[in-house]
>>> print(open('data06.txt').read())   # compact mmCIF, C-alpha atoms and all ligand atoms
# COMPACT_ATOMS: atom_id res chain seq x y z
CA MET Z 1 -11.50 22.13 -29.11
CA SER Z 2 -8.85 23.33 -26.65
CA THR Z 3 -7.65 20.93 -24.00
CA ALA Z 4 -9.45 22.99 -21.34
CA GLU Z 5 -12.71 22.63 -23.28
CA THR Z 6 -12.14 18.88 -23.66
CA ALA Z 7 -11.55 18.62 -19.92
CA LYS Z 8 -14.73 20.60 -19.20
CA ALA Z 9 -16.74 18.43 -21.60
CA LEU Z 10 -15.42 15.23 -20.00
CA LEU Z 11 -16.33 16.47 -16.53
CA GLY Z 12 -19.78 17.51 -17.73
CA ARG Z 13 -20.41 14.02 -19.14
CA MET Z 14 -19.22 12.39 -15.90
CA SER Z 15 -21.65 14.63 -13.97
CA THR Z 16 -24.49 13.62 -16.25
CA ALA Z 17 -23.55 9.97 -15.73
CA GLY Z 18 -23.85 10.55 -11.96
CA ARG Z 19 -20.14 9.97 -11.44
CA ARG Z 20 -18.92 13.45 -10.57
CA PRO Z 21 -15.56 12.69 -8.96
CA HIS Z 22 -14.71 13.63 -5.36
CA ALA Z 23 -11.27 14.78 -6.40
CA VAL Z 24 -9.87 16.23 -9.59
CA LEU Z 25 -6.25 16.92 -10.49
CA ILE Z 26 -5.52 19.56 -13.13
CA ASP Z 27 -1.97 19.29 -14.47
CA GLY Z 28 0.03 20.59 -17.43
CA GLY Z 29 -0.55 23.93 -19.16
CA SER Z 30 0.38 27.24 -17.50
CA GLU Z 31 -0.35 28.23 -13.92
CA THR Z 32 -3.00 30.68 -15.17
CA GLU Z 33 -4.70 27.98 -17.30
CA ARG Z 34 -4.72 25.61 -14.34
CA ALA Z 35 -6.19 28.31 -12.05
CA GLU Z 36 -8.91 29.12 -14.61
CA LEU Z 37 -9.95 25.50 -15.04
CA ALA Z 38 -9.84 24.99 -11.24
CA ALA Z 39 -12.20 27.97 -10.78
CA TYR Z 40 -14.54 26.52 -13.42
CA VAL Z 41 -14.58 23.09 -11.75
CA ALA Z 42 -15.20 24.64 -8.31
CA LYS Z 43 -18.16 26.57 -9.75
CA LEU Z 44 -19.49 23.37 -11.33
CA TYR Z 45 -19.52 21.74 -7.88
CA VAL Z 46 -21.41 24.53 -6.09
CA CYS Z 47 -23.87 25.45 -8.89
CA ASP Z 48 -27.49 24.63 -8.07
CA GLY Z 49 -28.97 25.85 -11.35
CA ARG Z 50 -31.26 23.62 -13.38
CA GLY Z 51 -30.10 22.10 -16.65
CA GLU Z 52 -26.53 22.38 -17.76
CA GLN Z 53 -24.06 23.22 -15.00
CA PRO Z 54 -22.40 25.53 -14.18
CA CYS Z 55 -25.37 27.70 -15.20
CA CYS Z 56 -23.42 30.93 -14.49
CA ALA Z 57 -26.74 32.53 -13.45
CA CYS Z 58 -27.59 31.15 -9.99
CA ASP Z 59 -26.50 32.79 -6.72
CA GLN Z 60 -23.89 30.09 -6.15
CA CYS Z 61 -22.31 30.69 -9.57
CA ARG Z 62 -22.35 34.46 -9.07
CA LYS Z 63 -20.56 34.19 -5.72
CA ALA Z 64 -18.07 31.75 -7.24
CA ASP Z 65 -17.35 34.23 -10.07
CA GLU Z 66 -16.87 37.05 -7.57
CA GLY Z 67 -14.51 34.91 -5.50
CA VAL Z 68 -16.67 35.23 -2.37
CA HIS Z 69 -18.36 31.80 -2.18
CA PRO Z 70 -18.13 30.59 1.44
CA ASP Z 71 -17.91 26.93 0.31
CA ILE Z 72 -15.02 27.39 -2.12
CA VAL Z 73 -11.87 27.28 -0.01
CA PRO Z 74 -8.60 28.10 -1.80
CA VAL Z 75 -5.44 26.73 -0.17
CA THR Z 76 -2.02 27.87 -1.34
CA LYS Z 77 1.56 27.94 -0.15
CA PRO Z 78 2.08 30.86 2.27
CA ASP Z 79 4.03 33.72 0.62
CA ASP Z 80 6.81 33.59 3.18
CA ARG Z 81 7.46 29.86 2.78
CA LYS Z 82 8.97 27.60 0.12
CA SER Z 83 6.24 24.98 0.47
CA PHE Z 84 2.80 24.36 1.98
CA ALA Z 85 2.56 24.55 5.76
CA LYS Z 86 1.60 21.25 7.38
CA ALA Z 87 -0.82 23.09 9.71
CA ASP Z 88 -2.73 24.40 6.67
CA VAL Z 89 -3.09 20.92 5.20
CA LYS Z 90 -4.21 19.53 8.56
CA ARG Z 91 -6.82 22.27 8.75
CA VAL Z 92 -8.17 21.19 5.35
CA VAL Z 93 -8.54 17.62 6.62
CA GLU Z 94 -10.46 18.88 9.68
CA GLU Z 95 -12.65 21.39 7.85
CA ALA Z 96 -13.50 18.83 5.18
CA THR Z 97 -15.64 16.98 7.73
CA LEU Z 98 -17.78 20.10 8.38
CA THR Z 99 -20.94 20.50 6.31
CA PRO Z 100 -21.09 23.25 3.66
CA ASN Z 101 -22.59 26.68 4.44
CA GLU Z 102 -24.70 27.33 1.34
CA ALA Z 103 -23.96 24.94 -1.48
CA ALA Z 104 -24.52 21.17 -1.51
CA VAL Z 105 -20.78 20.65 -1.68
CA LYS Z 106 -17.78 22.30 -0.02
CA VAL Z 107 -14.86 22.55 -2.45
CA PHE Z 108 -11.21 22.77 -1.43
CA VAL Z 109 -8.95 24.11 -4.16
CA LEU Z 110 -5.34 23.15 -3.45
CA ASN Z 111 -3.10 25.07 -5.80
CA GLU Z 112 0.23 23.92 -7.23
CA LEU Z 113 0.99 20.62 -5.52
CA GLN Z 114 4.60 20.65 -6.73
CA LEU Z 115 5.02 23.00 -3.72
CA MET Z 116 3.58 20.46 -1.28
CA SER Z 117 5.95 18.02 0.44
CA GLU Z 118 5.34 14.27 0.31
CA GLU Z 119 4.66 14.39 4.07
CA CYS Z 120 1.87 16.95 3.57
CA GLN Z 121 0.46 15.03 0.60
CA ASN Z 122 0.22 12.00 2.87
CA VAL Z 123 -1.80 14.08 5.37
CA LEU Z 124 -4.10 15.10 2.52
CA LEU Z 125 -4.39 11.47 1.38
CA LYS Z 126 -6.27 10.61 4.61
CA ILE Z 127 -9.26 12.70 3.58
CA LEU Z 128 -8.99 11.80 -0.12
CA GLU Z 129 -9.36 8.13 0.79
CA GLU Z 130 -12.72 8.61 2.48
CA PRO Z 131 -14.08 12.03 1.64
CA PRO Z 132 -17.50 12.96 3.11
CA ALA Z 133 -20.20 12.99 0.42
CA TYR Z 134 -20.49 16.80 0.66
CA THR Z 135 -16.78 17.48 0.07
CA ALA Z 136 -14.82 17.85 -3.16
CA PHE Z 137 -11.18 18.56 -3.91
CA VAL Z 138 -9.68 20.35 -6.87
CA LEU Z 139 -5.90 19.97 -7.03
CA THR Z 140 -3.52 21.61 -9.49
CA ALA Z 141 0.10 20.75 -10.24
CA GLN Z 142 2.73 21.65 -12.82
CA THR Z 143 3.12 17.95 -13.65
CA ALA Z 144 1.53 14.79 -12.32
CA ASN Z 145 5.04 13.63 -11.34
CA ALA Z 146 4.86 16.13 -8.46
CA VAL Z 147 1.97 14.18 -6.96
CA ILE Z 148 2.56 10.99 -4.96
CA PRO Z 149 1.14 7.80 -6.58
CA THR Z 150 -1.32 7.11 -3.75
CA VAL Z 151 -2.87 10.57 -4.21
CA LEU Z 152 -2.86 10.11 -8.01
CA SER Z 153 -4.84 6.92 -7.59
CA ARG Z 154 -7.64 8.89 -5.87
CA VAL Z 155 -8.15 11.63 -8.43
CA VAL Z 156 -9.65 12.05 -11.87
CA ARG Z 157 -6.96 13.71 -13.91
CA LEU Z 158 -7.71 16.61 -16.24
CA ARG Z 159 -4.56 17.23 -18.23
CA LEU Z 160 -3.89 20.51 -20.02
CA GLY Z 161 -1.41 20.94 -22.88
CA SER Z 162 0.63 18.14 -24.39
CA GLU Z 163 3.00 17.40 -21.55
CA GLU Z 164 4.13 13.75 -21.51
CA GLU Z 165 2.45 11.18 -19.32
CA THR Z 166 4.30 9.84 -16.27
CA ALA Z 167 6.83 7.54 -17.90
CA PHE Z 168 6.35 3.86 -17.09
CA SER Z 169 9.18 1.39 -17.66
CA ASP Z 170 8.98 -0.97 -20.66
CA LYS Z 171 8.72 -3.87 -18.25
CA ALA Z 172 5.70 -2.37 -16.44
CA ILE Z 173 3.99 -1.59 -19.76
CA ALA Z 174 4.58 -5.19 -20.91
CA VAL Z 175 2.98 -6.59 -17.73
CA VAL Z 176 -0.02 -4.26 -18.03
CA GLN Z 177 -0.45 -5.19 -21.69
CA ALA Z 178 -0.43 -8.89 -20.75
CA ILE Z 179 -3.02 -8.24 -18.02
CA ALA Z 180 -5.21 -6.26 -20.44
CA ALA Z 181 -5.01 -9.09 -22.99
CA ALA Z 182 -5.94 -11.65 -20.30
CA LEU Z 183 -8.91 -9.52 -19.19
CA GLN Z 184 -10.32 -9.55 -22.71
CA LYS Z 185 -10.09 -13.34 -22.93
CA ASN Z 186 -11.23 -13.81 -19.33
CA TYR Z 187 -9.23 -16.99 -18.69
CA GLU Z 188 -8.05 -17.22 -15.10
CA TYR Z 189 -4.85 -19.01 -16.14
CA ASP Z 190 -3.88 -16.05 -18.36
CA ARG Z 191 -4.48 -13.58 -15.53
CA VAL Z 192 -2.29 -15.59 -13.13
CA ALA Z 193 0.48 -15.84 -15.75
CA ALA Z 194 0.24 -12.12 -16.54
CA VAL Z 195 0.79 -11.01 -12.91
CA ALA Z 196 3.54 -13.60 -12.19
CA PRO Z 197 6.43 -11.15 -12.93
CA LEU Z 198 5.27 -9.05 -9.96
CA ASP Z 199 6.18 -11.70 -7.37
CA GLY Z 200 9.12 -10.51 -5.28
CA ASN Z 201 9.38 -7.20 -7.14
CA LYS Z 202 7.78 -4.45 -5.08
CA PRO Z 203 8.86 -1.45 -7.22
CA LEU Z 204 7.48 -3.14 -10.35
CA THR Z 205 4.28 -4.00 -8.49
CA ALA Z 206 3.77 -0.34 -7.49
CA GLU Z 207 4.41 0.82 -11.04
CA VAL Z 208 2.05 -1.76 -12.56
CA LEU Z 209 -0.75 -0.95 -10.08
CA LEU Z 210 -0.49 2.77 -10.89
CA ALA Z 211 -0.44 2.03 -14.64
CA LEU Z 212 -3.53 -0.17 -14.19
CA THR Z 213 -5.43 2.66 -12.47
CA TYR Z 214 -4.58 4.84 -15.51
CA LEU Z 215 -5.65 2.06 -17.87
CA PHE Z 216 -9.11 1.67 -16.30
CA ARG Z 217 -9.53 5.43 -15.95
CA ASP Z 218 -8.60 5.96 -19.61
CA ALA Z 219 -10.98 3.20 -20.69
CA ALA Z 220 -13.76 4.90 -18.69
CA ALA Z 221 -12.86 8.30 -20.20
CA LEU Z 222 -13.00 6.85 -23.74
CA LYS Z 223 -16.35 5.29 -22.95
CA LEU Z 224 -17.66 8.71 -21.89
CA GLY Z 225 -16.38 10.31 -25.09
CA GLY Z 226 -13.16 11.73 -23.60
CA SER Z 227 -9.60 10.97 -24.58
CA ALA Z 228 -6.96 8.62 -23.13
CA ALA Z 229 -4.17 10.29 -21.11
CA CYS Z 230 -1.69 7.41 -21.22
CA PRO Z 231 -0.45 7.03 -24.84
CA SER Z 232 1.62 3.90 -24.25
CA LEU Z 233 -1.55 2.00 -23.26
CA ALA Z 234 -3.87 3.54 -25.87
CA ASN Z 235 -4.69 0.24 -27.65
CA GLU Z 236 -5.43 -1.51 -24.37
CA SER Z 237 -7.68 1.25 -22.99
CA ARG Z 238 -9.58 1.34 -26.29
CA ALA Z 239 -10.18 -2.42 -26.13
CA LEU Z 240 -11.25 -2.31 -22.45
CA ALA Z 241 -13.69 0.56 -23.14
CA ALA Z 242 -16.02 -2.21 -24.36
CA LEU Z 243 -16.58 -3.22 -20.70
CA PRO Z 244 -19.46 -1.64 -18.70
CA LEU Z 245 -18.62 1.72 -17.04
CA GLU Z 246 -19.37 0.37 -13.56
CA THR Z 247 -16.92 -2.51 -14.10
CA LEU Z 248 -14.17 -0.13 -15.20
CA LEU Z 249 -14.67 2.22 -12.24
CA ALA Z 250 -14.88 -0.71 -9.79
CA ARG Z 251 -11.60 -2.12 -11.15
CA GLN Z 252 -9.95 1.28 -10.93
CA ASP Z 253 -10.99 1.49 -7.26
CA PHE Z 254 -9.80 -2.07 -6.68
CA VAL Z 255 -6.26 -1.58 -8.05
CA GLY Z 256 -6.06 1.85 -6.38
CA GLY Z 257 -6.85 0.13 -3.06
CA LEU Z 258 -4.12 -2.44 -3.64
CA LEU Z 259 -1.64 0.35 -4.45
CA ARG Z 260 -2.47 2.12 -1.19
CA SER Z 261 -2.12 -1.08 0.83
CA LEU Z 262 1.27 -1.86 -0.73
CA ASP Z 263 3.32 0.18 1.75
CA ASN Z 264 1.90 -1.40 4.89
CA ASN Z 265 1.56 -4.88 3.49
CA PRO Z 266 4.48 -7.09 4.57
CA ASN Z 267 2.99 -9.98 2.57
CA TYR Z 268 2.91 -8.09 -0.65
CA THR Z 269 3.98 -11.22 -2.56
CA LEU Z 270 0.43 -12.49 -1.95
CA LEU Z 271 -0.77 -9.39 -3.69
CA SER Z 272 -0.36 -10.87 -7.16
CA ALA Z 273 -2.79 -13.62 -6.16
CA VAL Z 274 -5.29 -11.02 -4.86
CA LEU Z 275 -4.79 -9.02 -8.03
CA SER Z 276 -5.36 -11.89 -10.44
CA ALA Z 277 -8.40 -13.06 -8.46
CA GLY Z 278 -9.93 -9.58 -8.21
CA LEU Z 279 -9.58 -8.39 -11.77
ZN ZN Z 301 -25.22 28.01 -11.30
>>> encode(input="data06.txt", output="structure tokens", more="lines below")
Ligand SMILES: [Zn+2]
Amino acid sequence: MSTAETAKALLGRMSTAGRRPHAVLIDGGSETERAELAAYVAKLYVCDGRGEQPCCACDQCRKADEGVHPDIVPVTKPDDRKSFAKADVKRVVEEATLTPNEAAVKVFVLNELQLMSEECQNVLLKILEEPPAYTAFVLTAQTANAVIPTVLSRVVRLRLGSEEETAFSDKAIAVVQAIAAALQKNYEYDRVAAVAPLDGNKPLTAEVLLALTYLFRDAAALKLGGSAACPSLANESRALAALPLETLLARQDFVGGLLRSLDNNPNYTLLSAVLSAGL
């Protein structure tokens, strides 16, 4: 099975499980492969056919294939600029609150995020944090490193090709492994000890929180029959896949929330206490 097929199968299973994500990031592979998978995912969102989706037979699918669906909104860097225009990204945030025209969901396809400044990604983050129920986002990027961590924490990642995972430091991996071990034993003392290295170390805290969102996401993906995207935490995600799906997704949301609050949290040293209590 090609990586694109694996990604499609994973998304299909998530849909069946009633957990179709609000935002998907497609990274790796070639620009053409990313665009093809993005078009497929957009069609999956608008399809109203019965049975397996996308059915490729309903009106919504047909319009998606012809590139004329009013609820599939492609957003790209303007030809005469080096990066996305802030006004375009702001327009996405505004239009995302409007209800769809024909389909049940309005899909914004934001192409090639390596061309979007951090400032613009932060504008986009606002709507990714609390997307209306009838809105979905499909993002593509050359590599996940081009996407800011707070945005990464809001998306389900579909990775094409064999490009390496965002590299975490050995220290961050060690902390995450200790946390994963403590979660399996479920002793509070172990959890407190595992997060202790984070006290007074904000960069390490940010790295560990991002790695934890990957860990829970990978565990959920394995549970749904997909594959883990973070090889350095493969053993841990396999072990945590024994937990219920709802628990894994709730923990992913929880650590993602902590990661987003890190920047405007002057008392971030208290965060390790919140983290150990909430896991
Ligand atoms: Zn259809």
>>> closest_residue(input="data06.txt", among="Z:Ile26, Z:Leu262, Z:Ala273, Z:Ala7", to="Z:Thr143", atoms="only C-alpha atoms")
Z:Ile26
>>> closest_atom_pairs(input="data06.txt", of="chain Z", to="ligand ZN 301 (chain Z)", cutoff="8 Å", atoms="only C-alpha atoms and all ligand atoms", output="tab-separated table")
residue	atom	partner	partner_atom	distance
Z:Lys43	CA	Z:ZN301	ZN	7.4
Z:Leu44	CA	Z:ZN301	ZN	7.4
Z:Val46	CA	Z:ZN301	ZN	7.3
Z:Cys47	CA	Z:ZN301	ZN	3.8
Z:Asp48	CA	Z:ZN301	ZN	5.2
Z:Gly49	CA	Z:ZN301	ZN	4.3
Z:Arg50	CA	Z:ZN301	ZN	7.8
Z:Gln53	CA	Z:ZN301	ZN	6.2
Z:Pro54	CA	Z:ZN301	ZN	4.7
Z:Cys55	CA	Z:ZN301	ZN	3.9
Z:Cys56	CA	Z:ZN301	ZN	4.7
Z:Ala57	CA	Z:ZN301	ZN	5.2
Z:Cys58	CA	Z:ZN301	ZN	4.1
Z:Asp59	CA	Z:ZN301	ZN	6.7
Z:Gln60	CA	Z:ZN301	ZN	5.7
Z:Cys61	CA	Z:ZN301	ZN	4.3
Z:Arg62	CA	Z:ZN301	ZN	7.4
>>> axis_aligned_box(input="data06.txt", around="stretch 39-46 of chain Z", padding_each_side="8 Å", output="JSON")
{"center_x": -16.8, "center_y": 24.9, "center_z": -9.8, "size_x": 25.2, "size_y": 22.2, "size_z": 23.3}
>>> residues_around(input="data06.txt", residues="Z:Glu112", least_positions_apart="3", cutoff="9 Å", atoms="all atoms listed in the file", output="ChimeraX atom specification")
/Z:27,31,34,76-77,115-116,139-142
>>> closest_residue(input="data06.txt", among="Z:Val195, Z:Leu183, Z:Ala167, Z:Leu209", to="Z:Cys230", atoms="all atoms listed in the file")
Z:Ala167
>>> closest_residue(input="data06.txt", among="Z:Ala178, Z:Ala103, Z:Leu11, Z:Ala211", to="Z:Ala229", atoms="only C-alpha atoms")
Z:Ala211
>>> closest_residue(input="data06.txt", among="Z:Ile173, Z:Glu207, Z:Leu125, Z:Gln114", to="Z:Lys82", atoms="all atoms listed in the file")
Z:Gln114
>>> closest_residue(input="data06.txt", among="Z:Ala87, Z:Lys223, Z:Gly12, Z:Ile179", to="Z:Gly51", atoms="all atoms listed in the file")
Z:Gly12
>>> residues_around(input="data06.txt", residues="Z:Val151", least_positions_apart="4", cutoff="8 Å", atoms="all atoms listed in the file", output="list in words")
Gln121, Asn122, Leu125, Leu128, Val147 and Val155 of chain Z
>>> closest_residue(input="data06.txt", among="Z:Ala35, Z:Leu240, Z:Ala136, Z:Cys120", to="Z:Asn186", atoms="all atoms listed in the file")
Z:Leu240
>>> residues_around(input="data06.txt", residues="Z:Ser276", least_positions_apart="3", cutoff="8 Å", atoms="only C-alpha atoms", output="NGL selection string")
:Z and (188 or 191-192 or 195 or 272-273 or 279)
>>> decode(input="data06.txt", residues="stretch 6-50 of chain Z", atoms="C-alpha atoms", output="PDB file, in the first residue's frame")
ATOM      1  CA  THR Z   6      -2.428   4.334   3.997  1.00  0.00           C
ATOM      2  CA  ALA Z   7      -3.311   7.952   4.760  1.00  0.00           C
ATOM      3  CA  LYS Z   8      -6.664   7.591   2.979  1.00  0.00           C
ATOM      4  CA  ALA Z   9      -7.415   4.357   4.855  1.00  0.00           C
ATOM      5  CA  LEU Z  10      -6.570   5.963   8.202  1.00  0.00           C
ATOM      6  CA  LEU Z  11      -8.838   8.912   7.481  1.00  0.00           C
ATOM      7  CA  GLY Z  12     -11.630   6.581   6.380  1.00  0.00           C
ATOM      8  CA  ARG Z  13     -11.390   4.643   9.663  1.00  0.00           C
ATOM      9  CA  MET Z  14     -11.413   7.872  11.685  1.00  0.00           C
ATOM     10  CA  SER Z  15     -14.574   8.939   9.808  1.00  0.00           C
ATOM     11  CA  THR Z  16     -16.223   5.624  10.566  1.00  0.00           C
ATOM     12  CA  ALA Z  17     -15.273   6.046  14.223  1.00  0.00           C
ATOM     13  CA  GLY Z  18     -17.041   9.433  14.182  1.00  0.00           C
ATOM     14  CA  ARG Z  19     -13.793  11.300  14.729  1.00  0.00           C
ATOM     15  CA  ARG Z  20     -13.281  12.980  11.374  1.00  0.00           C
ATOM     16  CA  PRO Z  21     -10.751  15.680  12.261  1.00  0.00           C
ATOM     17  CA  HIS Z  22     -11.432  19.405  11.810  1.00  0.00           C
ATOM     18  CA  ALA Z  23      -7.955  19.941  10.436  1.00  0.00           C
ATOM     19  CA  VAL Z  24      -5.554  17.749   8.516  1.00  0.00           C
ATOM     20  CA  LEU Z  25      -1.933  18.434   7.605  1.00  0.00           C
ATOM     21  CA  ILE Z  26      -0.455  16.623   4.607  1.00  0.00           C
ATOM     22  CA  ASP Z  27       3.339  16.765   4.596  1.00  0.00           C
ATOM     23  CA  GLY Z  28       6.218  14.999   2.846  1.00  0.00           C
ATOM     24  CA  GLY Z  29       6.088  13.590  -0.695  1.00  0.00           C
ATOM     25  CA  SER Z  30       6.044  15.851  -3.759  1.00  0.00           C
ATOM     26  CA  GLU Z  31       3.914  18.955  -4.223  1.00  0.00           C
ATOM     27  CA  THR Z  32       1.761  17.056  -6.750  1.00  0.00           C
ATOM     28  CA  GLU Z  33       1.235  14.135  -4.333  1.00  0.00           C
ATOM     29  CA  ARG Z  34       0.265  16.548  -1.565  1.00  0.00           C
ATOM     30  CA  ALA Z  35      -2.179  18.370  -3.881  1.00  0.00           C
ATOM     31  CA  GLU Z  36      -3.763  15.068  -4.965  1.00  0.00           C
ATOM     32  CA  LEU Z  37      -4.265  13.843  -1.421  1.00  0.00           C
ATOM     33  CA  ALA Z  38      -5.593  17.291  -0.387  1.00  0.00           C
ATOM     34  CA  ALA Z  39      -8.174  17.136  -3.212  1.00  0.00           C
ATOM     35  CA  TYR Z  40      -9.191  13.639  -2.077  1.00  0.00           C
ATOM     36  CA  VAL Z  41      -9.598  14.733   1.553  1.00  0.00           C
ATOM     37  CA  ALA Z  42     -11.620  17.814   0.516  1.00  0.00           C
ATOM     38  CA  LYS Z  43     -13.938  15.566  -1.519  1.00  0.00           C
ATOM     39  CA  LEU Z  44     -14.294  13.225   1.466  1.00  0.00           C
ATOM     40  CA  TYR Z  45     -15.525  16.167   3.558  1.00  0.00           C
ATOM     41  CA  VAL Z  46     -18.171  17.392   1.097  1.00  0.00           C
ATOM     42  CA  CYS Z  47     -19.428  13.975  -0.135  1.00  0.00           C
ATOM     43  CA  ASP Z  48     -23.006  13.210   0.885  1.00  0.00           C
ATOM     44  CA  GLY Z  49     -23.199   9.778  -0.737  1.00  0.00           C
ATOM     45  CA  ARG Z  50     -24.350   6.766   1.253  1.00  0.00           C
TER      46      ARG Z  50
END
